[in-house]
Amino acid sequence: MPPLDWALMEMWKEAGIPVEAVLRGIDAAFDKYDRRAKKTRKVNSLAYCQQEVLSAVEDLSEAATGSTRDPAATSIPNTALAAYFERNAEQLEGCKHPAAACWR
């Protein structure tokens, strides 16, 4: 994972962005990418997803207005998130696909 991606994740964490919003934003960004007619440029960074993550934060914030639920109570613990990213990084390192070389 490029250092910029780690910095972006750290920024989202420090800003208190819920993991739910991050995952929704990433999904939305890739859904938009999949719908594109021309896919000449590849997604190679989480920065591609940044605008959708911020949009998801706004959507969750609007949805929570008037809600009594605690957003922190349903978020994924940082340790679980770190384990998830570590597990995926290890899988990428073991990958023999030529595109995996860009992650090392």
# chains A, B, ... in the order shown; residues from 1 in each chain; ligands from 1
$ residues_around --residues "Lys13 of chain A" --least-positions-apart "6" --cutoff "12 Å" --atoms "only C-alpha atoms" --output "list in words"
Trp6, Ala7, Val19, Glu20, Ala21, Val22, Ser75, Ile76, Pro77, Asn78, Leu81 and Ala82 of chain A
$ write_last_selection --atoms "C-alpha atoms" --output "PDB file, in the first residue's frame"
ATOM      1  CA  TRP A   6      -1.657   5.062   4.898  1.00  0.00           C
ATOM      2  CA  ALA A   7      -1.560   8.811   5.496  1.00  0.00           C
ATOM      3  CA  VAL A  19     -15.354   3.098   9.258  1.00  0.00           C
ATOM      4  CA  GLU A  20     -18.873   2.619   7.906  1.00  0.00           C
ATOM      5  CA  ALA A  21     -18.532   5.877   5.940  1.00  0.00           C
ATOM      6  CA  VAL A  22     -15.089   4.897   4.641  1.00  0.00           C
ATOM      7  CA  SER A  75     -18.104   1.371  14.395  1.00  0.00           C
ATOM      8  CA  ILE A  76     -15.448  -1.270  13.842  1.00  0.00           C
ATOM      9  CA  PRO A  77     -12.720  -1.216  16.509  1.00  0.00           C
ATOM     10  CA  ASN A  78      -9.358   0.144  15.321  1.00  0.00           C
ATOM     11  CA  LEU A  81      -9.515  -2.562  11.109  1.00  0.00           C
ATOM     12  CA  ALA A  82      -5.731  -2.736  11.460  1.00  0.00           C
TER      13      ALA A  82
END
$ residues_around --residues "Met9 of chain A" --least-positions-apart "5" --cutoff "10 Å" --atoms "only C-alpha atoms" --output "PyMOL selection string"
chain A and resi 3-4+14-15+17+19+22+46-47+50
$ atom_distance --atom1 "atom CA of Leu8 of chain A" --atom2 "atom CA of Glu93 of chain A"
20.8 Å
$ residues_around --residues "Ala28 of chain A" --least-positions-apart "4" --cutoff "8 Å" --atoms "only C-alpha atoms" --output "PyMOL selection string"
chain A and resi 24+32+52
$ closest_residue --among "A:Leu92, A:Val53, A:Ala64, A:Met11" --to "Ile26 of chain A" --atoms "only C-alpha atoms"
A:Val53
$ atom_distance --atom1 "atom CA of Tyr48 of chain A" --atom2 "atom CA of Ala29 of chain A"
7.3 Å
$ atom_distance --atom1 "atom CA of Glu10 of chain A" --atom2 "atom CA of Ala83 of chain A"
14.7 Å
